[in-house]
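**Student:** Handing over upload-v8.csv, CSV, C-alpha atoms.
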chain,number,residue,atom,x,y,z
A,108,MET,CA,77.0,77.2,110.0
A,109,LYS,CA,77.7,80.9,109.4
A,110,VAL,CA,76.9,82.4,106.0
A,111,LEU,CA,80.6,83.4,105.8
A,112,THR,CA,81.7,79.7,106.1
A,113,LEU,CA,79.7,78.8,103.1
A,114,ASN,CA,82.3,80.7,101.0
A,115,PHE,CA,85.0,78.2,102.0
A,116,LEU,CA,83.2,74.9,101.6
A,117,THR,CA,82.4,72.7,98.6
A,118,CYS,CA,81.0,69.3,97.8
A,119,ALA,CA,83.1,66.6,99.5
A,120,ARG,CA,82.9,64.1,96.6
A,121,LYS,CA,86.1,63.6,94.7
A,122,THR,CA,84.2,63.5,91.4
A,123,CYS,CA,82.8,67.0,92.0
A,124,LYS,CA,86.1,68.7,92.9
A,125,GLN,CA,86.9,69.9,89.4
A,126,ASN,CA,83.4,71.0,88.6
A,127,PRO,CA,82.5,74.7,89.1
A,128,ALA,CA,78.9,73.7,89.9
A,129,ALA,CA,80.1,72.1,93.2
A,130,PHE,CA,80.6,75.6,94.7
A,131,PRO,CA,78.9,77.1,96.5
A,132,LEU,CA,76.7,74.6,98.2
A,133,HIS,CA,73.0,75.6,98.1
A,134,PRO,CA,71.1,75.9,101.3
A,135,LYS,CA,67.7,74.1,101.3
A,136,GLU,CA,64.9,74.1,103.9
A,137,ALA,CA,67.3,76.2,106.0
A,138,GLU,CA,66.3,77.4,109.5
A,139,LEU,CA,68.3,80.6,110.2
A,140,GLU,CA,69.3,82.0,113.5
A,141,GLN,CA,71.0,85.2,114.5
A,142,ILE,CA,73.8,84.9,117.0
A,143,GLU,CA,75.2,88.2,118.3
A,144,THR,CA,79.0,88.6,118.3
A,145,ASP,CA,81.3,91.5,118.8
A,146,ILE,CA,82.0,93.5,115.6
A,147,ASN,CA,85.7,93.4,114.4
A,148,PRO,CA,85.8,96.1,111.6
A,149,LEU,CA,89.4,95.1,110.6
A,150,PHE,CA,88.3,91.5,110.1
A,151,ILE,CA,85.4,92.4,107.8
A,152,GLN,CA,87.6,94.8,105.9
A,153,ASN,CA,90.4,92.2,105.3
A,154,MET,CA,88.0,89.3,104.8
A,155,LEU,CA,85.9,91.0,102.0
A,156,PRO,CA,88.7,91.0,99.3
A,157,ARG,CA,89.2,87.2,99.6
A,158,LEU,CA,85.5,86.3,99.3
A,159,ASP,CA,84.0,84.9,96.1
A,160,TRP,CA,81.4,87.7,95.9
A,161,GLU,CA,79.2,85.9,93.2
A,162,ALA,CA,78.9,82.9,95.6
A,163,MET,CA,78.0,85.3,98.5
A,164,LYS,CA,75.3,86.8,96.4
A,165,THR,CA,73.9,83.5,95.3
A,166,VAL,CA,73.8,82.1,98.9
A,167,THR,CA,72.2,85.2,100.5
A,168,ASN,CA,69.6,85.3,97.7
A,169,GLU,CA,68.8,81.7,98.2
A,170,LEU,CA,68.4,82.2,102.0
A,171,GLY,CA,66.0,85.0,101.3
A,172,LEU,CA,68.3,87.6,102.9
A,173,PRO,CA,68.5,91.2,101.7
A,174,ASN,CA,70.4,91.6,98.4
A,175,LEU,CA,74.1,92.3,98.6
A,176,PRO,CA,75.8,95.1,96.6
A,177,LEU,CA,76.6,94.1,93.1
A,178,GLU,CA,80.3,94.4,93.7
A,179,THR,CA,82.5,93.7,96.8
A,180,PRO,CA,82.3,96.9,98.9
A,181,THR,CA,85.5,98.9,99.0
A,182,ALA,CA,87.3,99.7,102.3
A,183,GLU,CA,86.1,103.3,102.0
A,184,ALA,CA,82.4,102.1,102.0
A,185,LEU,CA,83.0,100.5,105.4
A,186,VAL,CA,83.7,103.8,107.3
A,187,ASP,CA,81.2,106.6,107.9
A,188,GLU,CA,82.8,109.6,106.3
A,189,SER,CA,81.8,112.2,108.8
A,190,SER,CA,82.3,110.3,112.1
A,191,GLY,CA,85.0,107.8,111.2
A,192,GLU,CA,82.9,105.1,112.8
A,193,PRO,CA,81.9,101.8,111.2
A,194,SER,CA,79.4,102.5,108.4
A,195,GLN,CA,75.9,100.9,108.1
A,196,THR,CA,77.4,98.8,105.3
A,197,LEU,CA,80.0,97.4,107.6
A,198,LYS,CA,77.4,96.7,110.3
A,199,ASP,CA,75.2,95.0,107.8
A,200,LEU,CA,78.0,92.8,106.5
A,201,HIS,CA,79.1,91.8,110.1
A,202,SER,CA,75.5,90.8,110.8
A,203,LEU,CA,75.2,88.8,107.6
A,204,LEU,CA,78.7,87.1,107.6
A,205,MET,CA,79.3,86.6,111.3
A,206,GLU,CA,75.9,86.6,113.0
A,207,THR,CA,73.6,84.9,110.5
A,208,SER,CA,73.8,81.1,110.7
A,209,VAL,CA,72.1,78.0,109.3
A,210,ALA,CA,70.8,76.3,112.4
A,211,SER,CA,69.4,73.3,110.5
A,212,GLY,CA,68.6,72.3,107.0
A,213,LYS,CA,70.6,71.0,104.1
A,214,LEU,CA,73.4,72.1,101.8
A,215,VAL,CA,73.0,70.8,98.3
A,216,CYS,CA,75.7,70.2,95.6
A,217,ALA,CA,74.4,71.5,92.2
A,218,ASN,CA,76.7,69.1,90.4
A,219,CYS,CA,75.8,65.7,92.0
A,220,GLY,CA,72.7,66.6,93.9
A,221,HIS,CA,74.0,65.2,97.2
A,222,GLU,CA,72.5,66.8,100.3
A,223,TYR,CA,74.6,67.5,103.4
A,224,ALA,CA,72.6,67.8,106.6
A,225,VAL,CA,73.0,70.6,109.1
A,226,LYS,CA,71.9,69.9,112.6
A,227,GLU,CA,72.2,72.1,115.6
A,228,GLY,CA,74.5,74.3,113.5
A,229,ILE,CA,76.9,71.5,112.7
A,230,ALA,CA,77.2,70.4,109.0
A,231,ASN,CA,78.0,66.8,108.3
A,232,PHE,CA,80.2,66.3,105.2
A,233,LEU,CA,81.0,62.6,105.9
A,234,LEU,CA,79.9,60.6,102.9
A,235,PRO,CA,78.6,57.1,103.0
A,236,SER,CA,81.4,54.7,102.1
A,237,HIS,CA,79.9,53.9,98.6
A,238,MET,CA,80.1,57.5,97.6
A,239,VAL,CA,83.7,58.3,98.6
B,223,MET,CA,103.0,82.3,129.0
B,224,LEU,CA,99.8,82.2,127.0
B,225,PRO,CA,96.7,80.7,128.6
B,226,THR,CA,95.8,77.0,127.8
B,227,PRO,CA,92.1,76.7,126.9
B,228,SER,CA,89.9,74.9,129.4
B,229,THR,CA,88.5,71.5,128.1
B,230,SER,CA,86.9,70.5,131.4
B,231,HIS,CA,83.5,70.0,129.6
B,232,VAL,CA,84.9,67.4,127.2
B,233,ASP,CA,84.1,63.7,127.7
B,234,TYR,CA,87.4,61.8,127.4
B,235,ASP,CA,85.6,58.5,127.0
B,236,ARG,CA,84.9,59.4,123.4
B,237,ILE,CA,87.1,62.4,122.6
B,238,TYR,CA,90.9,62.4,122.6
B,239,GLU,CA,92.2,64.0,125.8
B,240,PRO,CA,94.8,66.8,125.3
B,241,ALA,CA,98.2,65.2,125.8
B,242,GLU,CA,101.9,65.8,125.1
B,243,ASP,CA,101.2,66.0,121.4
B,244,SER,CA,98.6,68.7,121.8
B,245,TYR,CA,100.8,70.7,124.1
B,246,LEU,CA,103.8,70.4,121.7
B,247,LEU,CA,101.5,72.1,119.0
B,248,LEU,CA,100.6,74.9,121.4
B,249,ASP,CA,104.3,75.5,122.3
B,250,THR,CA,105.5,75.3,118.7
B,251,LEU,CA,102.8,77.6,117.3
B,252,SER,CA,103.4,80.3,119.9
B,253,SER,CA,107.3,79.9,119.9
B,254,PRO,CA,109.2,83.1,119.0
B,255,SER,CA,110.5,81.6,115.7
B,256,GLU,CA,107.0,80.5,114.5
B,257,VAL,CA,105.5,83.8,115.6
B,258,GLU,CA,108.1,85.6,113.5
B,259,PHE,CA,107.6,83.3,110.5
B,260,LEU,CA,103.9,83.7,110.6
B,261,SER,CA,104.0,87.5,110.9
B,262,LYS,CA,106.3,87.6,107.8
B,263,GLN,CA,104.1,85.2,105.9
B,264,PHE,CA,100.9,87.1,106.6
B,265,PRO,CA,101.8,90.8,106.8
B,266,GLN,CA,99.1,93.0,108.2
B,267,SER,CA,98.6,94.7,104.9
B,268,GLU,CA,97.4,91.5,103.3
B,269,ILE,CA,94.0,89.8,103.3
B,270,ALA,CA,92.7,88.0,106.5
B,271,PRO,CA,94.3,84.6,107.0
B,272,LEU,CA,92.1,81.5,107.2
B,273,VAL,CA,93.2,78.7,109.7
B,274,LEU,CA,91.9,75.2,109.5
B,275,GLU,CA,92.5,72.5,112.1
B,276,VAL,CA,91.8,69.0,110.9
B,277,GLY,CA,90.9,66.5,113.7
B,278,THR,CA,90.2,69.1,116.4
B,279,GLY,CA,89.3,66.5,119.2
B,280,SER,CA,88.8,68.5,122.4
B,281,GLY,CA,89.4,71.7,120.5
B,282,VAL,CA,92.3,72.7,122.7
B,283,VAL,CA,94.7,73.6,119.8
B,284,LEU,CA,92.1,75.5,117.7
B,285,ALA,CA,90.9,77.3,120.8
B,286,PHE,CA,94.5,78.3,121.7
B,287,VAL,CA,95.2,79.6,118.2
B,288,THR,CA,91.9,81.5,118.0
B,289,GLY,CA,92.2,82.9,121.6
B,290,ASN,CA,95.8,84.0,121.0
B,291,ALA,CA,95.6,85.1,117.4
B,292,GLY,CA,96.9,88.5,118.2
B,293,HIS,CA,100.0,87.1,119.8
B,294,ILE,CA,100.6,84.3,117.2
B,295,PHE,CA,99.9,86.2,114.0
B,296,GLY,CA,100.4,89.8,115.2
B,297,ARG,CA,96.9,90.5,114.0
B,298,ASN,CA,93.3,89.6,115.1
B,299,ASP,CA,91.6,89.5,111.7
B,300,VAL,CA,92.2,85.8,111.6
B,301,ALA,CA,89.4,83.3,110.8
B,302,THR,CA,89.5,79.8,112.2
B,303,LEU,CA,87.7,76.7,111.2
B,304,GLY,CA,87.7,73.1,112.5
B,305,VAL,CA,86.8,69.7,111.1
B,306,ASP,CA,86.5,66.4,112.9
B,307,VAL,CA,85.1,63.0,112.0
B,308,ASN,CA,83.6,62.6,115.5
B,309,GLU,CA,80.4,64.5,116.1
B,310,PHE,CA,81.0,64.7,119.8
B,311,ALA,CA,84.4,66.3,119.1
B,312,CYS,CA,82.7,68.9,116.9
B,313,GLU,CA,80.4,69.8,119.8
B,314,GLY,CA,83.2,69.9,122.3
B,315,THR,CA,85.4,72.0,120.0
B,316,ILE,CA,82.8,74.6,119.6
B,317,GLN,CA,82.4,75.0,123.3
B,318,THR,CA,86.2,75.0,123.9
B,319,VAL,CA,86.9,77.6,121.3
B,320,GLN,CA,84.0,79.9,122.3
B,321,GLY,CA,85.2,79.7,125.9
B,322,ALA,CA,88.8,80.6,125.0
B,323,VAL,CA,87.6,83.5,122.9
B,324,LYS,CA,85.4,84.8,125.7
B,325,ASP,CA,88.3,84.4,128.2
B,326,ALA,CA,90.7,86.2,125.9
B,327,ALA,CA,88.3,89.1,125.4
B,328,ALA,CA,87.7,89.4,129.1
B,329,ALA,CA,91.5,89.4,129.8
B,330,SER,CA,91.8,92.2,127.1
B,331,GLY,CA,93.5,89.8,124.8
B,332,ASN,CA,93.3,89.9,121.1
B,333,PRO,CA,91.3,86.8,119.9
B,334,GLY,CA,90.6,85.9,116.2
B,335,GLN,CA,87.2,85.0,114.7
B,336,PHE,CA,86.0,81.5,115.1
B,337,LEU,CA,83.7,80.3,112.3
B,338,GLU,CA,82.8,76.7,112.7
B,339,CYS,CA,83.6,73.1,113.4
B,340,CYS,CA,82.2,70.8,110.8
B,341,LYS,CA,81.9,67.0,110.7
B,342,GLY,CA,83.9,65.6,107.9
B,343,ASP,CA,86.9,63.6,106.5
B,344,LEU,CA,90.1,65.6,106.5
B,345,THR,CA,89.8,68.5,104.0
B,346,SER,CA,87.3,66.8,101.6
B,347,ALA,CA,84.7,69.6,102.0
B,348,VAL,CA,87.1,72.5,102.0
B,349,LYS,CA,87.3,74.8,98.9
B,350,PRO,CA,90.6,74.3,97.1
B,351,GLN,CA,93.4,76.9,97.5
B,352,SER,CA,91.5,78.5,100.4
B,353,ILE,CA,93.5,77.6,103.6
B,354,ASP,CA,96.4,79.7,104.8
B,355,VAL,CA,97.4,77.7,107.9
B,356,LEU,CA,96.4,74.0,108.3
B,357,ILE,CA,97.1,72.3,111.6
B,358,PHE,CA,96.9,68.5,111.9
B,359,ASN,CA,97.6,66.3,114.9
B,360,PRO,CA,97.0,63.0,113.2
B,361,PRO,CA,96.2,59.5,114.4
B,362,TYR,CA,99.9,58.6,114.2
B,363,VAL,CA,100.2,55.4,116.2
B,364,PRO,CA,101.2,52.4,114.0
B,365,THR,CA,98.4,49.8,114.1
B,366,GLU,CA,97.5,46.7,112.3
B,367,HIS,CA,94.2,48.0,111.1
B,368,LEU,CA,92.8,51.4,110.2
B,369,PRO,CA,89.3,52.0,111.8
B,370,ILE,CA,86.6,52.8,109.3
B,371,LEU,CA,85.3,56.4,109.2
B,372,THR,CA,81.6,56.0,108.6
B,373,GLY,CA,78.6,54.2,109.9
B,374,MET,CA,78.7,55.5,113.5
B,375,ASN,CA,75.4,55.6,115.3
B,376,TYR,CA,74.8,58.8,117.2
B,377,ASP,CA,71.2,57.9,118.3
B,378,SER,CA,70.6,58.4,122.0
B,379,ALA,CA,68.5,55.2,122.0
B,380,MET,CA,71.3,52.7,122.3
B,381,THR,CA,72.2,50.1,124.9
B,382,SER,CA,75.2,50.9,127.0
B,383,SER,CA,77.3,48.2,125.4
B,384,GLN,CA,76.5,49.6,121.9
B,385,LYS,CA,77.5,53.1,123.2
B,386,PHE,CA,80.7,51.7,124.7
B,387,GLU,CA,81.6,50.1,121.3
B,388,ARG,CA,80.8,53.3,119.4
B,389,ASP,CA,82.9,55.4,121.9
B,390,SER,CA,85.8,53.0,121.6
B,391,HIS,CA,85.6,53.2,117.9
B,392,LEU,CA,85.6,57.0,118.0
B,393,LEU,CA,88.6,57.0,120.3
B,394,SER,CA,90.5,54.6,118.0
B,395,LEU,CA,90.0,57.0,115.1
B,396,SER,CA,91.9,59.6,117.1
B,397,TYR,CA,95.1,57.6,117.4
B,398,ALA,CA,95.2,54.5,115.2
B,399,GLY,CA,97.3,55.4,112.1
B,400,GLY,CA,97.5,52.0,110.3
B,401,ALA,CA,100.8,51.1,108.6
B,402,ASP,CA,103.7,53.1,110.0
B,403,GLY,CA,101.0,55.2,111.6
B,404,MET,CA,101.0,57.1,108.3
B,405,GLU,CA,97.8,56.0,106.4
B,406,THR,CA,95.7,59.0,107.4
B,407,THR,CA,98.6,61.4,107.4
B,408,ASN,CA,99.5,60.4,103.9
B,409,ARG,CA,96.0,61.1,102.7
B,410,LEU,CA,96.2,64.6,104.3
B,411,LEU,CA,99.6,65.2,102.8
B,412,ASP,CA,98.2,64.5,99.4
B,413,GLU,CA,95.5,67.1,100.0
B,414,LEU,CA,97.8,69.8,101.2
B,415,PRO,CA,98.9,71.2,97.8
B,416,VAL,CA,95.3,71.3,96.7
B,417,VAL,CA,93.8,73.0,99.8
B,418,LEU,CA,96.5,75.4,100.8
B,419,SER,CA,96.5,78.9,99.3
B,420,HIS,CA,99.5,80.4,97.5
B,421,ARG,CA,100.9,81.5,100.8
B,422,GLY,CA,99.6,78.5,102.7
B,423,ILE,CA,101.5,76.6,105.5
B,424,GLY,CA,100.8,73.2,107.0
B,425,TYR,CA,101.8,72.1,110.5
B,426,VAL,CA,101.7,68.3,110.9
B,427,LEU,CA,102.7,66.4,114.0
B,428,LEU,CA,104.6,63.2,113.6
B,429,CYS,CA,106.1,60.6,115.9
B,430,ALA,CA,109.5,58.9,115.4
B,431,GLN,CA,107.9,55.8,113.9
B,432,ASN,CA,106.4,57.8,111.2
B,433,ARG,CA,110.0,58.4,109.9
B,434,PRO,CA,109.8,62.2,109.8
B,435,HIS,CA,113.0,62.6,107.7
B,436,ASP,CA,111.5,60.3,105.0
B,437,VAL,CA,108.4,62.4,105.0
B,438,ILE,CA,110.4,65.6,104.6
B,439,ALA,CA,112.3,64.1,101.6
B,440,ARG,CA,109.0,63.1,100.0
B,441,ILE,CA,107.6,66.6,100.4
B,442,GLN,CA,110.7,68.2,98.9
B,443,ALA,CA,110.1,66.0,95.8
B,444,TRP,CA,106.6,67.5,95.2
B,445,THR,CA,106.3,69.7,92.2
B,446,GLY,CA,106.2,73.4,93.0
B,447,ASP,CA,109.1,74.3,95.3
B,448,TRP,CA,107.7,72.7,98.5
B,449,THR,CA,109.8,72.2,101.5
B,450,ALA,CA,109.4,71.0,105.1
B,451,GLU,CA,111.3,71.5,108.3
B,452,ILE,CA,111.1,70.3,111.9
B,453,VAL,CA,110.1,73.3,113.9
B,454,GLY,CA,109.3,71.7,117.3
B,455,SER,CA,110.0,68.4,119.1
B,456,SER,CA,109.6,66.7,122.4
B,457,GLY,CA,109.7,63.4,124.1
B,458,LYS,CA,112.2,61.0,125.6
B,459,LYS,CA,115.0,60.1,123.2
B,460,ALA,CA,114.7,56.4,124.0
B,461,GLY,CA,110.9,56.4,124.2
B,462,TRP,CA,109.0,55.2,121.2
B,463,GLU,CA,106.8,58.3,121.1
B,464,LYS,CA,109.3,61.0,120.3
B,465,LEU,CA,107.2,63.7,118.7
B,466,CYS,CA,108.0,66.4,116.2
B,467,ILE,CA,106.1,69.1,114.2
B,468,LEU,CA,106.8,69.6,110.5
B,469,ARG,CA,106.2,73.0,109.0
B,470,ILE,CA,105.4,72.5,105.3
B,471,TRP,CA,105.3,75.4,102.9
B,472,ARG,CA,106.4,76.7,99.4
B,473,ARG,CA,109.8,78.3,99.4
B,474,GLU,CA,108.5,80.9,96.9
B,475,PRO,CA,104.8,81.6,97.3
B,476,CYS,CA,103.3,81.0,93.9
B,477,PRO,CA,101.5,84.1,92.4
Translate the structure of the given file into structure tokens.
**Tutor:**
Amino acid sequence: MKVLTLNFLTCARKTCKQNPAAFPLHPKEAELEQIETDINPLFIQNMLPRLDWEAMKTVTNELGLPNLPLETPTAEALVDESSGEPSQTLKDLHSLLMETSVASGKLVCANCGHEYAVKEGIANFLLPSHMV
Amino acid sequence: MLPTPSTSHVDYDRIYEPAEDSYLLLDTLSSPSEVEFLSKQFPQSEIAPLVLEVGTGSGVVLAFVTGNAGHIFGRNDVATLGVDVNEFACEGTIQTVQGAVKDAAAASGNPGQFLECCKGDLTSAVKPQSIDVLIFNPPYVPTEHLPILTGMNYDSAMTSSQKFERDSHLLSLSYAGGADGMETTNRLLDELPVVLSHRGIGYVLLCAQNRPHDVIARIQAWTGDWTAEIVGSSGKKAGWEKLCILRIWRREPCP
């Protein structure tokens, strides 16, 4: 479960849908792993504006990862001014969003308290029938 | 001709094997008319599109879309996400998509960015208004009963007859659609206006017994300028499994 994906997921219970506390889900007892992937600068640049940055900051903080900038980095901050190459900010964001994954642990809804298990990188959002 | 992803690692005793319906989705999504529509709907100047496939099965469709993102969308900053109720399908999908991305990169193609395949029921765990393209090849065969979604045992310590029963149940989830073959599709259609973004598009496969024209009429009655159109079809005219793909979208993207 990539850190980026957590920006697109919420509690699966119908009763939580309208409640702002159901997003983002909060990682608990998370084992992290780093999986190297090729950097795609355009992807990071065009993904950033659609992210809920407050949720990104909450999740990275709870995972004990280095603090994110206070505001979404601008497109200019992603390119090294002198060389035109990807900046350190871009490389750090690629590493955080695309390479840092929850290998195992739980994702907790702050509204209902339900815990979704993550095993071998796969999160399970199926609810027991009495909770649907 | 775009490459079809390899699914040779997938166990078809418990995961739906790619068939005519899967290939119709591949052909439709990469057809000149859909490629043109998608590149207009998601111009390169706009934020990165997020694609979700519901019920990935072997992963062949999601792998095709991810591996060929550059061709289909005219851009490679496309994120893809899958969900399936079957844990084995999630594992298989991850392998299929990763293989297709690797093959595409090696063939100097232009793959998108695969995020994840989660276990879940339709779009229940997806943040509202976040999906730009949703793809669904549903369990569309009319059946007397709809198999239940939960309570599957994935423990390895099972007798072979228990395993056989579980695997049959998992397979039934991939095709058994209940009344008119529409019980699961109707639930997904109800979720579409919630989960799709302002520019979002749904691609949903139907068979003739699902009465596609009735489905289109119902969608056009939704509040908010929704419409649907058949953008791909296949199958023998006299055969009971004539298939088609609906594109579902808002005529005027809401602000």
**Student:** Which distance in Å separates CA of Pro225 in chain B and CA of His293 in chain B, to one decimal?
**Tutor:** 11.4 Å
**Student:** Restrict the calculation to only C-alpha atoms, then for each residue of range 228-281 of chain B with any atom at most 10 Å from an atom of range 348-354 of chain B give the closest atom pair and their distance in Å to one decimal, rows by chain and rising residue number, as a tab-separated table.
**Tutor:**
residue	atom	partner	partner_atom	distance
B:Gln263	CA	B:Asp354	CA	9.5
B:Phe264	CA	B:Asp354	CA	8.8
B:Ala270	CA	B:Asp354	CA	9.2
B:Pro271	CA	B:Asp354	CA	5.8
B:Leu272	CA	B:Asp354	CA	5.2
B:Val273	CA	B:Asp354	CA	5.9
B:Leu274	CA	B:Ile353	CA	6.6
B:Glu275	CA	B:Ile353	CA	10.0
**Student:** Go ahead and write the selection's residues with C-alpha atoms as a PDB file, in the frame of the given file.
**Tutor:**
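Result file selection-v4.pdb:
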ATOM      1  CA  GLN B 263     104.100  85.200 105.900  1.00  0.00           C
ATOM      2  CA  PHE B 264     100.900  87.100 106.600  1.00  0.00           C
ATOM      3  CA  ALA B 270      92.700  88.000 106.500  1.00  0.00           C
ATOM      4  CA  PRO B 271      94.300  84.600 107.000  1.00  0.00           C
ATOM      5  CA  LEU B 272      92.100  81.500 107.200  1.00  0.00           C
ATOM      6  CA  VAL B 273      93.200  78.700 109.700  1.00  0.00           C
ATOM      7  CA  LEU B 274      91.900  75.200 109.500  1.00  0.00           C
ATOM      8  CA  GLU B 275      92.500  72.500 112.100  1.00  0.00           C
TER       9      GLU B 275
END
**Student:** Here is a test: counting all atoms listed in the file, which residue of A:Met154, A:Thr122, A:Glu140, A:Ala217 is nearest to chain B?
**Tutor:**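 For chain B, the nearest of the candidates is A:Met154.
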**Student:** Any idea which chain A residues end up within 9 Å of chain B if we count all atoms listed in the file, as number ranges by chain please?
**Tutor:** A: 108-109, 111-112, 114-121, 124, 130, 147-157, 205, 228-236
**Student:** Excluding range 194-197 of chain A and residues on its chain fewer than 3 positions from it, collect all residues at most 9 Å away from it, counting all atoms listed in the file, and give them as a ChimeraX atom specification.
**Tutor:** /A:148,151-152,180,184-188,191,200-202
**Student:** Could you check the closest approach to Leu158 in chain A for each of A:Leu132, A:Ile146, A:Leu204, A:Asn174 and tell me which residue wins, using only C-alpha atoms?
**Tutor:**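 Closest candidate: A:Leu204.
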**Student:** Suppose you want the space between CA of Ala401 in chain B and CA of Val363 in chain B; what is it in Å?
**Tutor:**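 Computing it gives 8.8 Å between the two atoms.
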**Student:** Can you tell me, as JSON, the centre and edge lengths (Å, one decimal) of the axis-aligned box enclosing all of range 144-163 of chain A's listed atoms after padding each side by 5 Å?
**Tutor:**
{"center_x": 84.2, "center_y": 89.5, "center_z": 106.0, "size_x": 22.4, "size_y": 23.2, "size_z": 35.6}
**Student:** Do you have the CA of Leu414 in chain B-CA of Gln320 in chain B distance handy?
**Tutor:**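 Interatomic distance here is 27.2 Å.
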**Student:** Find the residues around Leu113 in chain A up to 9 Å (all atoms listed in the file counted), leave out those fewer than 6 positions away in its own chain, and share them as a list in words.
**Tutor:** Pro131, Leu132, His133, Ala162, Met163 and Val166 of chain A
**Student:** Would you kindly identify which residues have an atom no farther than 10 Å from (71.7, 68.6, 107.5), using only C-alpha atoms and the file's own coordinates, and write them out as a PyMOL selection string?
**Tutor:** chain A and resi 134-137+209-215+222-232
**Student:** Taking only C-alpha atoms into account, which of A:Met238, A:Ala129, A:Cys216, A:Leu203 comes nearest Thr167 in chain A?
**Tutor:**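 Nearest to Thr167 in chain A: A:Leu203.
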**Student:** Between B:Ile467, B:Ala291, B:Ala398, B:Ile423, which one has atoms that come closest to Pro333 in chain B, using only C-alpha atoms?
**Tutor:**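 Residue with the minimum atom-to-atom distance to Pro333 in chain B: B:Ala291.
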**Student:** With a distance cut-off of 10 Å and all atoms listed in the file, select the neighbouring residues of Asp243 in chain B, excluding the residue or stretch itself and same-chain residues fewer than 3 positions from it, and output the selection as a PyMOL selection string.
**Tutor:** chain B and resi 240+246-248+359-360+427-429+455-457+463-467
**Student:** From the set B:Gln431, B:Ser230, B:Ser378, B:Thr315, which residue has the shortest atom-to-atom contact distance to Val276 in chain B, counting all atoms listed in the file?
**Tutor:** B:Thr315
**Student:** Env of Pro369 in chain B: 12 Å cut, atoms = all atoms listed in the file, seq-sep filter 5 positions within chain, self excluded. Answer as number ranges by chain.
**Tutor:** B: 307, 361, 374, 388, 390-401, 405-406
**Student:** Counting all atoms listed in the file, figure out which residue out of B:Leu251, B:Ala241, B:Ala311, B:Leu356 gets nearest to Val416 in chain B.
**Tutor:**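 Smallest distance to Val416 in chain B is found for B:Leu356.
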**Student:** Could I get range 151-155 of chain A rebuilt with all heavy atoms, written as a PDB file, in the coordinates of the input?
**Tutor:**
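Listing of result.pdb after writing:
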ATOM      1  N   ILE A 151      86.312  92.282 108.983  1.00  0.00           N
ATOM      2  CA  ILE A 151      85.400  92.400 107.800  1.00  0.00           C
ATOM      3  C   ILE A 151      86.143  93.020 106.654  1.00  0.00           C
ATOM      4  O   ILE A 151      86.084  92.521 105.523  1.00  0.00           O
ATOM      5  CB  ILE A 151      84.154  93.233 108.195  1.00  0.00           C
ATOM      6  CG1 ILE A 151      83.400  92.604 109.383  1.00  0.00           C
ATOM      7  CG2 ILE A 151      83.235  93.399 106.980  1.00  0.00           C
ATOM      8  CD1 ILE A 151      82.755  91.268 109.105  1.00  0.00           C
ATOM      9  N   GLN A 152      86.868  94.094 106.933  1.00  0.00           N
ATOM     10  CA  GLN A 152      87.600  94.800 105.900  1.00  0.00           C
ATOM     11  C   GLN A 152      88.589  93.883 105.158  1.00  0.00           C
ATOM     12  O   GLN A 152      88.686  93.876 103.936  1.00  0.00           O
ATOM     13  CB  GLN A 152      88.310  96.007 106.465  1.00  0.00           C
ATOM     14  CG  GLN A 152      88.982  96.888 105.422  1.00  0.00           C
ATOM     15  CD  GLN A 152      89.918  97.897 106.058  1.00  0.00           C
ATOM     16  OE1 GLN A 152      89.556  98.566 107.028  1.00  0.00           O
ATOM     17  NE2 GLN A 152      91.120  98.001 105.527  1.00  0.00           N
ATOM     18  N   ASN A 153      89.328  93.078 105.934  1.00  0.00           N
ATOM     19  CA  ASN A 153      90.400  92.200 105.300  1.00  0.00           C
ATOM     20  C   ASN A 153      89.848  90.880 104.858  1.00  0.00           C
ATOM     21  O   ASN A 153      90.575  90.129 104.209  1.00  0.00           O
ATOM     22  CB  ASN A 153      91.526  92.047 106.303  1.00  0.00           C
ATOM     23  CG  ASN A 153      92.339  93.318 106.456  1.00  0.00           C
ATOM     24  OD1 ASN A 153      92.265  94.204 105.608  1.00  0.00           O
ATOM     25  ND2 ASN A 153      93.086  93.414 107.544  1.00  0.00           N
ATOM     26  N   MET A 154      88.603  90.567 105.231  1.00  0.00           N
ATOM     27  CA  MET A 154      88.000  89.300 104.800  1.00  0.00           C
ATOM     28  C   MET A 154      87.304  89.543 103.395  1.00  0.00           C
ATOM     29  O   MET A 154      87.365  88.677 102.517  1.00  0.00           O
ATOM     30  CB  MET A 154      86.967  88.847 105.805  1.00  0.00           C
ATOM     31  CG  MET A 154      86.208  87.577 105.493  1.00  0.00           C
ATOM     32  SD  MET A 154      87.227  86.168 105.021  1.00  0.00           S
ATOM     33  CE  MET A 154      87.995  85.696 106.580  1.00  0.00           C
ATOM     34  N   LEU A 155      86.701  90.706 103.220  1.00  0.00           N
ATOM     35  CA  LEU A 155      85.900  91.000 102.000  1.00  0.00           C
ATOM     36  C   LEU A 155      86.730  90.682 100.708  1.00  0.00           C
ATOM     37  O   LEU A 155      86.209  90.019  99.810  1.00  0.00           O
ATOM     38  CB  LEU A 155      85.419  92.410 101.969  1.00  0.00           C
ATOM     39  CG  LEU A 155      84.235  92.717 102.884  1.00  0.00           C
ATOM     40  CD1 LEU A 155      83.827  94.181 102.715  1.00  0.00           C
ATOM     41  CD2 LEU A 155      83.055  91.808 102.603  1.00  0.00           C
TER      42      LEU A 155
END
